[in-house]
Each structure stands twice: as C-alpha cells, then as structure tokens.
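These notes are about the structure you will find just below.
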Amino acid sequence: MLFGSLPDATSPGIIAVASIISGFLGTTFALWQDRSRDDVRWTAFLWGYLGVGLGLLIYCVSVISELY
C-alpha cells in the first residue's frame, strides 16, 4: 500500500518524498542511538539533504530513461 501511494518516479514530487523519508529514517536512527538534541537535529538535516540528492538522482534517471 505504501508503494501505491508514492508519486511516479518521473514526477518532481519524488524529490520531496525521498527527502522526507530519509529525514525520518535519520531522525529515528539518531534517537535510537540516544544522541543529544542538537545531534539529532543535524543528523535529520544531513539525512534529509542526502534524500534530496537521492530524489534528484531517481528523478533524472527516470526522465532520461523515458526519453529512450
């Protein structure tokens, strides 16, 4: 059901979804390691930033593959 609710890979919405999911996973990971509040904040920011890069990669690959 989760995969059915995700946007199409050729939609720019995949960038935001990848960022949100990776930011959530990064926050969960930092909280699980019992880090300080500031470390949790920076970990969430870093993972969200990496999620944007992953989303852009997925989006660009999908758009380029649709051209062929």
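Naming works like this for the structure tokens: A, B, ... for the chains as they're shown, residue 1 at the start of each chain, ligands 1 onward in shown order.
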Query raised in the report: segment 12-19 of chain A: which residues within 12 Å, counting only C-alpha atoms, same-chain residues fewer than 3 positions away excluded, as a ChimeraX atom specification?
Result: /A:2-3,5-9,22-26,44-63
Query raised in the report: Please, what distance in Å, to one decimal, runs between atom CA of Ser65 of chain A and atom CA of Ser11 of chain A?
Result: 13.2 Å
Query - In chain A, DSSP helix (DSSP H, G or I) residues written as JSON, numbers by chain - result: {"A": [2, 3, 4, 5, 13, 14, 15, 16, 17, 18, 19, 20, 21, 22, 23, 24, 25, 26, 27, 28, 29, 30, 31, 32, 37, 38, 39, 40, 41, 42, 43, 44, 45, 46, 47, 48, 49, 50, 51, 52, 53, 54, 55, 56, 57, 58, 59, 60, 61, 62, 63, 64, 65, 66, 67]}
Query raised in the report: So which residues touch Asp39 of chain A within 8 Å, counting only C-alpha atoms, skipping near sequence neighbours fewer than 4 positions away, as a ChimeraX atom specification?
Result: /A:30,35,43
Requested in this report: Tell me, in Å to one decimal, how far atom CA of Gly4 of chain A is from atom CA of Leu31 of chain A.
Outcome: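 Interatomic distance here is 28.7 Å.
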